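Trainee: For reference, the file run.cif (mmCIF, C-alpha atoms) is included below:
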data_coords
#
loop_
_atom_site.label_atom_id
_atom_site.label_comp_id
_atom_site.auth_asym_id
_atom_site.auth_seq_id
_atom_site.Cartn_x
_atom_site.Cartn_y
_atom_site.Cartn_z
CA MET A 668 82.11 76.68 106.90
CA THR A 669 84.98 74.67 108.36
CA ALA A 670 83.41 71.32 107.57
CA ALA A 671 86.21 68.98 108.63
CA ALA A 672 86.61 68.00 112.27
CA PRO A 673 89.61 69.53 114.01
CA GLY A 674 91.32 66.23 114.85
CA GLY A 675 93.79 65.69 117.66
CA ALA A 676 97.51 66.28 117.44
CA GLY A 677 99.21 63.76 115.21
CA THR A 678 96.01 62.12 113.92
CA PRO A 679 96.07 63.16 110.28
CA ARG A 680 98.93 60.87 109.23
CA ARG A 681 98.16 59.16 105.95
CA ARG A 682 99.24 55.67 104.94
CA GLY A 683 102.55 55.56 103.12
CA ARG A 684 103.38 59.19 103.82
CA PRO A 685 106.62 59.84 105.68
CA ALA A 686 106.15 61.46 109.06
CA ARG A 687 106.76 65.20 108.94
CA THR A 688 108.06 67.48 111.63
CA ASP A 689 105.59 68.42 114.31
CA ALA A 690 104.86 71.64 112.41
CA ASP A 691 101.92 69.63 111.08
CA SER A 692 100.14 69.35 114.34
CA GLY A 693 101.65 72.22 116.24
CA PRO A 694 99.50 75.03 117.52
CA GLY A 695 98.66 77.51 114.79
CA ALA A 696 98.73 74.97 111.94
CA ARG A 697 95.12 75.82 111.06
CA GLU A 698 95.88 79.53 111.07
CA ARG A 699 99.03 79.04 109.01
CA ILE A 700 97.05 77.01 106.47
CA LEU A 701 94.41 79.75 106.20
CA ALA A 702 97.06 82.44 105.78
CA ALA A 703 98.84 80.38 103.13
CA ALA A 704 95.51 79.71 101.39
CA ARG A 705 94.71 83.43 101.27
CA ALA A 706 98.13 84.16 99.81
CA GLU A 707 97.83 81.37 97.24
CA PHE A 708 94.29 82.34 96.12
CA ALA A 709 95.33 86.00 95.94
CA ALA A 710 98.43 85.26 93.89
CA ARG A 711 97.08 82.63 91.52
CA GLY A 712 93.29 82.88 91.59
CA TYR A 713 90.89 80.06 92.40
CA ASP A 714 91.46 78.09 89.21
CA ARG A 715 95.22 77.87 89.47
CA ALA A 716 95.59 77.72 93.26
CA SER A 717 96.85 74.33 94.45
CA ILE A 718 96.46 72.49 97.74
CA ARG A 719 100.10 71.47 97.45
CA ALA A 720 101.25 75.10 97.31
CA ILE A 721 99.01 76.01 100.26
CA ALA A 722 100.50 73.15 102.27
CA LYS A 723 104.00 74.19 101.33
CA GLY A 724 103.28 77.80 102.32
CA ALA A 725 101.99 76.65 105.69
CA GLY A 726 104.81 74.16 106.21
CA VAL A 727 102.44 71.20 106.59
CA ASP A 728 101.55 68.02 104.73
CA PRO A 729 98.93 68.50 101.97
CA ALA A 730 96.79 65.85 103.67
CA LEU A 731 96.49 68.08 106.71
CA VAL A 732 95.06 70.89 104.59
CA HIS A 733 92.37 68.54 103.35
CA HIS A 734 91.84 67.10 106.81
CA TYR A 735 91.18 70.50 108.36
CA TYR A 736 89.34 72.24 105.55
CA GLY A 737 88.13 69.67 103.01
CA PRO A 738 88.26 70.24 99.24
CA LYS A 739 89.50 73.43 97.54
CA GLU A 740 86.03 74.98 97.52
CA GLN A 741 85.83 74.77 101.32
CA ILE A 742 89.37 76.03 101.80
CA PHE A 743 88.44 79.04 99.66
CA ALA A 744 85.29 79.62 101.73
CA ALA A 745 87.22 79.47 104.98
CA ALA A 746 90.01 81.69 103.64
CA ILE A 747 87.72 84.48 102.43
CA GLU A 748 85.35 84.23 105.38
CA THR A 749 87.93 85.45 107.84
CA ASP A 750 89.19 87.97 105.34
CA PHE A 751 86.13 89.59 103.88
CA ALA A 752 85.68 92.80 105.84
CA PRO A 753 82.21 93.64 104.45
CA ALA A 754 80.86 90.37 105.83
CA ARG A 755 82.80 90.52 109.09
CA GLU A 756 81.94 94.08 110.04
CA ALA A 757 78.51 94.39 108.47
CA PRO A 758 76.50 93.74 111.65
CA GLU A 759 77.96 96.69 113.54
CA ILE A 760 77.65 99.00 110.52
CA ILE A 761 74.00 98.04 110.16
CA GLN A 762 73.30 98.56 113.85
CA ALA A 763 75.22 101.86 114.12
CA GLY A 764 72.21 104.04 113.30
CA GLY A 765 68.66 104.21 112.04
CA PRO A 766 67.27 103.06 108.69
CA ASP A 767 67.25 106.63 107.32
CA THR A 768 71.04 106.73 107.22
CA LEU A 769 71.71 103.07 106.42
CA GLY A 770 72.48 103.93 102.77
CA GLU A 771 75.12 106.42 103.79
CA ARG A 772 76.66 104.10 106.40
CA LEU A 773 76.92 101.24 103.90
CA THR A 774 78.30 103.49 101.17
CA ARG A 775 80.91 105.01 103.46
CA PHE A 776 81.88 101.61 104.85
CA ILE A 777 82.24 99.80 101.49
CA LEU A 778 84.18 102.65 99.89
CA GLY A 779 86.34 102.84 103.03
CA VAL A 780 87.26 99.18 102.71
CA TRP A 781 88.28 99.75 99.08
CA GLU A 782 90.16 102.96 99.92
CA ASP A 783 92.58 101.00 102.13
CA PRO A 784 95.22 99.47 99.81
CA ALA A 785 95.61 96.38 102.02
CA THR A 786 91.93 95.41 102.11
CA ARG A 787 91.59 96.49 98.46
CA GLU A 788 94.11 93.84 97.41
CA GLN A 789 92.24 91.19 99.40
CA LEU A 790 88.91 92.15 97.85
CA LEU A 791 90.42 92.29 94.40
CA ALA A 792 91.78 88.78 94.80
CA ILE A 793 88.35 87.51 95.83
CA VAL A 794 86.63 89.34 92.96
CA ARG A 795 89.14 87.95 90.44
CA SER A 796 88.49 84.40 91.62
CA ALA A 797 84.72 84.90 91.64
CA VAL A 798 84.68 86.42 88.14
CA ALA A 799 86.90 83.69 86.71
CA ASN A 800 85.39 80.60 88.30
CA GLU A 801 81.78 79.50 88.91
CA THR A 802 82.62 77.55 92.06
CA ALA A 803 84.43 80.51 93.57
CA ALA A 804 81.50 82.73 92.53
CA ALA A 805 79.10 80.42 94.38
CA VAL A 806 81.22 80.49 97.54
CA PHE A 807 81.45 84.29 97.38
CA ARG A 808 77.71 84.60 96.68
CA ASP A 809 76.79 82.42 99.67
CA LEU A 810 79.06 84.42 101.94
CA VAL A 811 77.76 87.80 100.75
CA THR A 812 74.16 86.63 100.89
CA SER A 813 74.31 85.09 104.36
CA ARG A 814 76.51 87.70 105.98
CA LEU A 815 75.53 90.95 104.30
CA MET A 816 72.44 90.86 102.09
CA THR A 817 70.17 88.99 104.48
CA ARG A 818 71.15 91.24 107.36
CA VAL A 819 70.62 94.45 105.41
CA ALA A 820 67.29 93.16 104.08
CA GLY A 821 66.27 92.30 107.65
CA GLU A 822 66.52 95.99 108.54
CA LEU A 823 64.12 97.01 105.78
CA ASP A 824 60.39 97.24 106.23
CA VAL A 825 59.52 97.38 102.53
CA PRO A 826 58.28 94.93 99.87
CA ASP A 827 61.04 93.14 97.92
CA ALA A 828 63.51 93.90 100.73
CA GLU A 829 66.05 91.33 99.49
CA LEU A 830 65.92 92.54 95.91
CA ARG A 831 66.24 96.15 97.06
CA SER A 832 69.21 95.42 99.29
CA GLU A 833 70.87 93.64 96.35
CA LEU A 834 70.30 96.61 94.04
CA ALA A 835 71.80 98.88 96.68
CA ALA A 836 74.79 96.53 96.93
CA ALA A 837 75.00 96.38 93.13
CA HIS A 838 75.46 100.13 92.99
CA LEU A 839 78.34 99.92 95.47
CA VAL A 840 79.90 96.95 93.65
CA GLY A 841 79.80 98.88 90.38
CA VAL A 842 81.31 102.03 91.88
CA ALA A 843 84.12 99.90 93.35
CA MET A 844 84.70 98.19 89.99
CA LEU A 845 84.93 101.44 88.00
CA ARG A 846 86.81 103.43 90.64
CA TYR A 847 89.26 100.89 92.05
CA VAL A 848 89.57 98.09 89.48
CA ILE A 849 89.00 99.58 86.02
CA LYS A 850 90.02 103.05 87.28
CA VAL A 851 87.84 105.18 85.03
CA GLU A 852 88.51 108.91 85.32
CA PRO A 853 87.32 111.25 86.78
CA LEU A 854 85.67 108.72 89.12
CA ALA A 855 88.96 107.05 90.10
CA SER A 856 90.50 110.32 91.34
CA ALA A 857 87.37 111.99 92.72
CA ASP A 858 87.40 112.83 96.41
CA VAL A 859 85.91 109.92 98.30
CA GLU A 860 83.56 112.24 100.20
CA GLN A 861 82.19 113.59 96.91
CA VAL A 862 81.57 110.03 95.74
CA VAL A 863 79.85 109.16 99.02
CA ALA A 864 77.69 112.28 98.70
CA MET A 865 76.63 111.34 95.16
CA VAL A 866 76.14 107.59 95.68
CA ALA A 867 74.65 107.35 99.18
CA PRO A 868 71.29 108.93 98.21
CA ALA A 869 70.85 106.40 95.38
CA VAL A 870 71.72 103.54 97.74
CA GLN A 871 69.35 104.93 100.37
CA ARG A 872 66.49 105.20 97.83
CA HIS A 873 66.89 101.53 96.95
CA LEU A 874 66.86 100.56 100.62
CA ALA A 875 63.93 102.80 101.47
CA GLY A 876 61.92 101.58 98.51
CA ASP A 877 61.21 105.03 97.13
CA ALA A 878 63.70 104.89 94.25
CA HIS A 879 61.20 103.41 91.84
CA ALA A 880 58.84 106.28 91.19
CA MET B 532 93.24 101.23 67.39
CA THR B 533 94.78 99.08 64.63
CA ALA B 534 98.15 100.73 64.89
CA ALA B 535 100.12 98.58 62.42
CA ALA B 536 100.01 99.44 58.74
CA PRO B 537 98.05 96.98 56.63
CA GLY B 538 100.97 96.02 54.38
CA GLY B 539 100.70 94.54 50.91
CA ALA B 540 100.19 90.87 50.14
CA GLY B 541 103.22 88.80 50.99
CA THR B 542 105.18 91.60 52.66
CA PRO B 543 105.37 90.35 56.23
CA ARG B 544 107.87 87.54 55.63
CA ARG B 545 110.52 87.47 58.32
CA ARG B 546 114.15 86.49 57.86
CA GLY B 547 114.83 82.83 58.38
CA ARG B 548 111.14 81.91 58.55
CA PRO B 549 109.95 79.31 56.08
CA ALA B 550 107.39 80.60 53.62
CA ARG B 551 103.85 79.64 54.63
CA THR B 552 100.85 78.93 52.44
CA ASP B 553 99.13 81.95 51.02
CA ALA B 554 96.63 81.78 53.88
CA ASP B 555 98.93 84.38 55.47
CA SER B 556 98.20 87.07 52.97
CA GLY B 557 94.88 85.88 51.62
CA PRO B 558 91.83 88.05 51.93
CA GLY B 559 90.27 87.79 55.37
CA ALA B 560 93.53 87.12 57.22
CA ARG B 561 92.97 90.20 59.38
CA GLU B 562 89.44 89.10 60.18
CA ARG B 563 90.57 85.56 60.94
CA ILE B 564 93.23 86.91 63.28
CA LEU B 565 90.68 89.05 65.13
CA ALA B 566 88.26 86.13 65.45
CA ALA B 567 91.06 83.87 66.71
CA ALA B 568 92.18 86.59 69.14
CA ARG B 569 88.67 86.95 70.54
CA ALA B 570 88.44 83.18 71.02
CA GLU B 571 91.87 83.02 72.66
CA PHE B 572 91.27 85.95 75.05
CA ALA B 573 87.84 84.53 75.94
CA ALA B 574 89.20 81.06 76.62
CA ARG B 575 92.42 81.92 78.45
CA GLY B 576 92.11 85.51 79.62
CA TYR B 577 94.53 88.31 78.81
CA ASP B 578 97.39 87.04 80.96
CA ARG B 579 97.55 83.56 79.51
CA ALA B 580 96.56 84.33 75.91
CA SER B 581 99.44 83.81 73.46
CA ILE B 582 100.19 85.35 70.08
CA ARG B 583 101.28 81.90 68.92
CA ALA B 584 97.87 80.39 69.73
CA ILE B 585 96.09 83.30 68.01
CA ALA B 586 98.22 82.78 64.90
CA LYS B 587 97.54 79.05 64.96
CA GLY B 588 93.79 79.67 65.32
CA ALA B 589 93.86 82.02 62.35
CA GLY B 590 96.11 79.73 60.29
CA VAL B 591 98.80 82.41 59.83
CA ASP B 592 102.38 83.04 60.88
CA PRO B 593 102.74 84.66 64.33
CA ALA B 594 104.74 87.45 62.69
CA LEU B 595 101.68 88.41 60.66
CA VAL B 596 99.63 88.85 63.85
CA HIS B 597 102.22 91.29 65.13
CA HIS B 598 102.52 92.96 61.74
CA TYR B 599 98.81 93.70 61.51
CA TYR B 600 98.00 94.43 65.13
CA GLY B 601 101.19 95.11 67.07
CA PRO B 602 101.80 93.81 70.61
CA LYS B 603 99.29 91.82 72.69
CA GLU B 604 97.80 94.94 74.22
CA GLN B 605 96.82 96.28 70.79
CA ILE B 606 95.51 92.93 69.60
CA PHE B 607 93.29 92.88 72.69
CA ALA B 608 92.08 96.41 71.96
CA ALA B 609 91.25 95.53 68.36
CA ALA B 610 89.56 92.27 69.36
CA ILE B 611 87.26 93.79 71.96
CA GLU B 612 86.58 96.94 69.95
CA THR B 613 84.65 95.07 67.26
CA ASP B 614 83.05 92.89 69.87
CA PHE B 615 81.93 95.20 72.60
CA ALA B 616 78.28 95.88 71.91
CA PRO B 617 77.85 98.69 74.46
CA ALA B 618 80.54 100.71 72.68
CA ARG B 619 79.41 99.81 69.19
CA GLU B 620 75.72 100.55 69.61
CA ALA B 621 75.90 103.33 72.18
CA PRO B 622 75.53 106.22 69.73
CA GLU B 623 72.16 105.10 68.43
CA ILE B 624 70.88 104.28 71.92
CA ILE B 625 71.88 107.74 73.10
CA GLN B 626 70.24 109.43 70.11
CA ALA B 627 67.04 107.35 70.22
CA GLY B 628 65.19 109.76 72.51
CA GLY B 629 65.39 112.75 74.80
CA PRO B 630 67.50 113.22 77.94
CA ASP B 631 64.54 112.48 80.22
CA THR B 632 64.49 108.83 79.18
CA LEU B 633 68.22 108.33 78.63
CA GLY B 634 68.53 106.45 81.94
CA GLU B 635 65.85 104.00 80.94
CA ARG B 636 67.28 103.50 77.44
CA LEU B 637 70.76 102.84 78.79
CA THR B 638 69.47 100.49 81.50
CA ARG B 639 67.34 98.51 79.05
CA PHE B 640 70.16 98.34 76.53
CA ILE B 641 72.90 97.20 78.93
CA LEU B 642 70.69 94.60 80.61
CA GLY B 643 69.58 93.44 77.16
CA VAL B 644 73.16 92.84 76.09
CA TRP B 645 73.73 90.77 79.24
CA GLU B 646 70.42 88.89 78.83
CA ASP B 647 71.63 87.42 75.53
CA PRO B 648 73.82 84.40 76.38
CA ALA B 649 76.10 84.97 73.35
CA THR B 650 76.95 88.60 74.12
CA ARG B 651 77.05 87.76 77.85
CA GLU B 652 79.90 85.33 77.26
CA GLN B 653 81.81 87.95 75.26
CA LEU B 654 81.34 90.56 77.97
CA LEU B 655 82.28 88.11 80.67
CA ALA B 656 85.52 87.28 78.87
CA ILE B 657 86.38 90.98 78.63
CA VAL B 658 85.51 91.60 82.28
CA ARG B 659 87.63 88.61 83.39
CA SER B 660 90.63 89.93 81.51
CA ALA B 661 90.12 93.47 82.79
CA VAL B 662 89.75 92.34 86.41
CA ALA B 663 92.81 90.09 86.25
CA ASN B 664 95.25 92.31 84.38
CA GLU B 665 96.10 96.02 84.63
CA THR B 666 96.99 96.35 80.95
CA ALA B 667 93.72 94.75 79.88
CA ALA B 668 91.90 97.02 82.34
CA ALA B 669 93.52 100.07 80.74
CA VAL B 670 92.50 98.97 77.25
CA PHE B 671 88.94 98.32 78.40
CA ARG B 672 88.85 101.63 80.27
CA ASP B 673 89.98 103.61 77.22
CA LEU B 674 87.38 101.90 75.05
CA VAL B 675 84.53 102.45 77.50
CA THR B 676 85.57 106.04 78.13
CA SER B 677 85.97 107.06 74.49
CA ARG B 678 83.00 105.17 73.11
CA LEU B 679 80.43 105.29 75.87
CA MET B 680 81.17 107.60 78.80
CA THR B 681 82.19 110.65 76.79
CA ARG B 682 79.18 110.33 74.54
CA VAL B 683 76.73 109.93 77.40
CA ALA B 684 78.34 112.84 79.25
CA GLY B 685 78.05 114.94 76.06
CA GLU B 686 74.27 114.60 76.27
CA LEU B 687 74.13 115.97 79.79
CA ASP B 688 73.76 119.63 80.59
CA VAL B 689 74.75 119.37 84.25
CA PRO B 690 77.88 120.02 86.33
CA ASP B 691 80.19 117.01 86.73
CA ALA B 692 78.64 115.40 83.66
CA GLU B 693 81.48 112.88 83.25
CA LEU B 694 81.42 111.85 86.88
CA ARG B 695 77.64 111.51 86.78
CA SER B 696 77.67 109.40 83.65
CA GLU B 697 80.27 107.15 85.29
CA LEU B 698 78.16 106.73 88.42
CA ALA B 699 75.19 105.84 86.21
CA ALA B 700 77.37 103.31 84.39
CA ALA B 701 78.68 102.03 87.73
CA HIS B 702 75.16 101.16 88.81
CA LEU B 703 74.62 99.16 85.61
CA VAL B 704 78.00 97.44 85.92
CA GLY B 705 77.18 96.40 89.49
CA VAL B 706 73.73 95.07 88.57
CA ALA B 707 75.32 93.05 85.75
CA MET B 708 77.97 91.69 88.14
CA LEU B 709 75.50 90.57 90.81
CA ARG B 710 72.79 89.34 88.41
CA TYR B 711 74.81 87.67 85.65
CA VAL B 712 78.26 86.92 87.07
CA ILE B 713 77.91 86.30 90.82
CA LYS B 714 74.21 85.34 90.37
CA VAL B 715 72.88 86.57 93.70
CA GLU B 716 69.25 85.63 94.31
CA PRO B 717 66.55 86.96 94.04
CA LEU B 718 68.22 89.47 91.67
CA ALA B 719 69.54 86.79 89.30
CA SER B 720 66.07 85.36 88.67
CA ALA B 721 64.01 88.55 88.85
CA ASP B 722 62.08 89.52 85.73
CA VAL B 723 64.27 91.79 83.64
CA GLU B 724 61.47 94.34 83.31
CA GLN B 725 61.19 94.55 87.09
CA VAL B 726 64.93 95.15 87.31
CA VAL B 727 64.74 97.84 84.62
CA ALA B 728 61.85 99.47 86.46
CA MET B 729 63.82 99.56 89.72
CA VAL B 730 67.23 100.54 88.33
CA ALA B 731 66.39 103.01 85.54
CA PRO B 732 65.16 105.78 87.89
CA ALA B 733 68.41 105.63 89.86
CA VAL B 734 70.43 105.76 86.63
CA GLN B 735 68.30 108.65 85.38
CA ARG B 736 68.79 110.59 88.63
CA HIS B 737 72.55 110.32 88.25
CA LEU B 738 72.36 111.51 84.65
CA ALA B 739 69.94 114.32 85.43
CA GLY B 740 72.00 115.49 88.39
CA ASP B 741 69.11 115.43 90.86
CA ALA B 742 70.16 112.25 92.67
CA HIS B 743 72.24 114.08 95.20
CA ALA B 744 69.71 115.88 97.33
#
Would you write out, as structure tokens, the structure that this file holds?
Mentor:
Amino acid sequence: MTAAAPGGAGTPRRRGRPARTDADSGPGARERILAAARAEFAARGYDRASIRAIAKGAGVDPALVHHYYGPKEQIFAAAIETDFAPAREAPEIIQAGGPDTLGERLTRFILGVWEDPATREQLLAIVRSAVANETAAAVFRDLVTSRLMTRVAGELDVPDAELRSELAAAHLVGVAMLRYVIKVEPLASADVEQVVAMVAPAVQRHLAGDAHA
Amino acid sequence: MTAAAPGGAGTPRRRGRPARTDADSGPGARERILAAARAEFAARGYDRASIRAIAKGAGVDPALVHHYYGPKEQIFAAAIETDFAPAREAPEIIQAGGPDTLGERLTRFILGVWEDPATREQLLAIVRSAVANETAAAVFRDLVTSRLMTRVAGELDVPDAELRSELAAAHLVGVAMLRYVIKVEPLASADVEQVVAMVAPAVQRHLAGDAHA
């Protein structure tokens, strides 16, 4: 995802630009840029986020942002990749038990990520960008597909495994939307364990391929 | 929802404002304002939509927009209320058959609304506003709850009828998000009848209260 080459210290100077402090090339510049990018995308959404603001937030020259991460689309991809818990932690959730309880594990995990206010804000920022902008949607889609959907589908020994894993995910996405974003009652205030108990069987039926009687 | 009184022709003149043409008070001013509001919210989202731009689009004085519809929140409510097919047509969908096929009717109806590019764009505009702004989310929530959820729940003779109808709706919301907004494949390109066949039983189980074995 990080398409640009790392580049040695001091290399990314651009013609005509005044030399900056060595914050540009100091250790941690890449991490500072990613952190600033996450903050900028979260605050302003994909459409309105600017490379200049990301650079300012990281204390580096805008050219360095482009040098390390390429165009805005790739900065967004890199920023959400390190941030998107469902993609990052999916492998261990999937491997934590057998296929009979995969629906419950996924349901509990996804709702757990949304229950935590910190990760909820991160997810909400990503969802806002993806809903508002086609490019951001494509980046999000590729991440979710490669990191989550394909791995879940790989666990299934049923026809249409990819489609089924997406329908299972769709159920969880919709519950998150209505419970945490739109906040429809009584769903928004229901005990999370009750929600897990009511949703996990539907998710499991999609995964197991026996939901379509 | 239209909280402001209609007011007679010519009444909404404000002190110090120059008199406008009689477009202000002409027949259809209310409808023109609503149409302009829908266009403005769709194009710019709730946060960035302005009363001034709505008034300009309708060819009326901004004061008239406020006079007829109140603050931005209420204009948004009025604009989406006439526009939101799932709320408008829900009663007849619900009444079109027995409870055993309610899940299939709702699934077919909601996916049908999203399949139509014109209504899809309207829904997408509403979802973008609701995801980006808490006030818009509250307006959307109240509309969906009063027009759709409560009516579906009223058809159910099971415990937790409201929660169940919301989980059923959540599944449909999530399918719409992944298929039409994020466009995850193979779901985005799957035949709509295949999607109905795979999703309707899960929706029906939520509604019937036997999904939670």
Trainee: Once the PyMOL selection byres ((chain B and resi 665) around 12) has been evaluated on this model, what residues remain selected, and can you format them as a PDB file with C-alpha atoms, keeping the file's coordinate frame?
Mentor:
ATOM      1  CA  LEU A 791      90.420  92.290  94.400  1.00  0.00           C
ATOM      2  CA  TYR A 847      89.260 100.890  92.050  1.00  0.00           C
ATOM      3  CA  VAL A 848      89.570  98.090  89.480  1.00  0.00           C
ATOM      4  CA  ILE A 849      89.000  99.580  86.020  1.00  0.00           C
ATOM      5  CA  LYS A 850      90.020 103.050  87.280  1.00  0.00           C
TER       6      LYS A 850
ATOM      7  CA  TYR B 577      94.530  88.310  78.810  1.00  0.00           C
ATOM      8  CA  ASP B 578      97.390  87.040  80.960  1.00  0.00           C
ATOM      9  CA  GLU B 604      97.800  94.940  74.220  1.00  0.00           C
ATOM     10  CA  VAL B 658      85.510  91.600  82.280  1.00  0.00           C
ATOM     11  CA  ARG B 659      87.630  88.610  83.390  1.00  0.00           C
ATOM     12  CA  SER B 660      90.630  89.930  81.510  1.00  0.00           C
ATOM     13  CA  ALA B 661      90.120  93.470  82.790  1.00  0.00           C
ATOM     14  CA  VAL B 662      89.750  92.340  86.410  1.00  0.00           C
ATOM     15  CA  ALA B 663      92.810  90.090  86.250  1.00  0.00           C
ATOM     16  CA  ASN B 664      95.250  92.310  84.380  1.00  0.00           C
ATOM     17  CA  THR B 666      96.990  96.350  80.950  1.00  0.00           C
ATOM     18  CA  ALA B 667      93.720  94.750  79.880  1.00  0.00           C
ATOM     19  CA  ALA B 668      91.900  97.020  82.340  1.00  0.00           C
ATOM     20  CA  ALA B 669      93.520 100.070  80.740  1.00  0.00           C
ATOM     21  CA  VAL B 670      92.500  98.970  77.250  1.00  0.00           C
ATOM     22  CA  PHE B 671      88.940  98.320  78.400  1.00  0.00           C
ATOM     23  CA  ARG B 672      88.850 101.630  80.270  1.00  0.00           C
TER      24      ARG B 672
END
Trainee: Take atom CA of Val726 of chain B and atom CA of Val706 of chain B and report the distance between them in Å, one decimal.
Mentor: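 Those two atoms sit 8.9 Å apart.
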Trainee: Rounded to one decimal in Å, what is the spacing between atom CA of Ala610 of chain B and atom CA of Ala684 of chain B?
Mentor: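 According to the coordinates, atom CA of Ala610 of chain B and atom CA of Ala684 of chain B are separated by 25.4 Å.
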Trainee: Atom CA of Ser813 of chain A and atom CA of Val840 of chain A are how many Å apart?
Mentor: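 Separation between atom CA of Ser813 of chain A and atom CA of Val840 of chain A: 16.9 Å.
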Trainee: Here is a test: counting only C-alpha atoms, which residue of B:Thr650, B:Gln605, B:Ser696, B:Thr632 is nearest to chain A?
Mentor: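 With only C-alpha atoms as the atom set, the closest residue is B:Ser696.
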Trainee: Do a neighbour search on segment 704-710 of chain A at 7 Å with all atoms listed in the file, toss out local chain neighbours closer than 4 positions, and write the hits as a PyMOL selection string.
Mentor: chain A and resi 700+716+721+746+789+792
Trainee: Can you pull out the residues contacting Pro622 of chain B? Cut-off 9 Å, using only C-alpha atoms, and skip same-chain residues under 4 positions away; I want them as a short mmCIF file (atom, residue, chain, number, x, y, z; two decimals) with C-alpha atoms, keeping the file's coordinate frame.
Mentor:
data_model
loop_
_atom_site.label_atom_id
_atom_site.label_comp_id
_atom_site.auth_asym_id
_atom_site.auth_seq_id
_atom_site.Cartn_x
_atom_site.Cartn_y
_atom_site.Cartn_z
CA ALA B 618 80.54 100.71 72.68
CA GLN B 626 70.24 109.43 70.11
CA ALA B 627 67.04 107.35 70.22
CA ARG B 678 83.00 105.17 73.11
CA LEU B 679 80.43 105.29 75.87
CA ARG B 682 79.18 110.33 74.54
CA VAL B 683 76.73 109.93 77.40
#
Trainee: Of the candidates B:Gly628, B:Pro732, B:Gly740, B:Gly634, which shows the shortest atom-to-atom distance to chain A, using all atoms listed in the file?
Mentor: B:Pro732
Trainee: Measuring between all atoms listed in the file, which one of A:Asp827, A:Asp728, A:Glu822, A:Glu756 shows the shortest distance to chain B?
Mentor: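 Among the listed residues, the smallest separation from chain B belongs to A:Asp827.
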Trainee: Translate the PyMOL selection byres ((chain B and resi 739) around 9) into a concrete residue list for this structure, as a PyMOL selection string.
Mentor: chain B and resi 630-631+634+687-689+692+695+734-738+740-742
Trainee: Measuring between all atoms listed in the file, which one of A:Leu773, A:Ala864, A:Val727, A:Ile793 shows the shortest distance to chain B?
Mentor: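 Smallest separation from chain B among the options: A:Ala864.
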Trainee: Can you translate the PyMOL selection byres ((chain A and resi 859) around 9) into the concrete residues it hits in this file, as a PyMOL selection string?
Mentor: chain A and resi 775+778-779+782+856-858+860-864
Trainee: Write the residues of the preceding selection, restricted to C-alpha atoms, as a PDB file, in the coordinates of the input.
Mentor:
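Contents of the output file part_26.pdb:
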ATOM      1  CA  ARG A 775      80.910 105.010 103.460  1.00  0.00           C
ATOM      2  CA  LEU A 778      84.180 102.650  99.890  1.00  0.00           C
ATOM      3  CA  GLY A 779      86.340 102.840 103.030  1.00  0.00           C
ATOM      4  CA  GLU A 782      90.160 102.960  99.920  1.00  0.00           C
ATOM      5  CA  SER A 856      90.500 110.320  91.340  1.00  0.00           C
ATOM      6  CA  ALA A 857      87.370 111.990  92.720  1.00  0.00           C
ATOM      7  CA  ASP A 858      87.400 112.830  96.410  1.00  0.00           C
ATOM      8  CA  GLU A 860      83.560 112.240 100.200  1.00  0.00           C
ATOM      9  CA  GLN A 861      82.190 113.590  96.910  1.00  0.00           C
ATOM     10  CA  VAL A 862      81.570 110.030  95.740  1.00  0.00           C
ATOM     11  CA  VAL A 863      79.850 109.160  99.020  1.00  0.00           C
ATOM     12  CA  ALA A 864      77.690 112.280  98.700  1.00  0.00           C
TER      13      ALA A 864
END
Trainee: With all atoms listed in the file as the atoms that count, which of B:Met729, B:Leu674, B:Thr681, B:Gly559 lies nearest to Glu833 of chain A?
Mentor: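 Of B:Met729, B:Leu674, B:Thr681, B:Gly559, the one nearest Glu833 of chain A is B:Met729, counting all atoms listed in the file.
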Trainee: With only C-alpha atoms as the basis for distance, which of A:Ile777, A:Leu830, A:Ala835, A:Ala785 is at the shortest distance from chain B?
Mentor: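 Going through A:Ile777, A:Leu830, A:Ala835, A:Ala785 one by one, the smallest distance to chain B is for A:Leu830.
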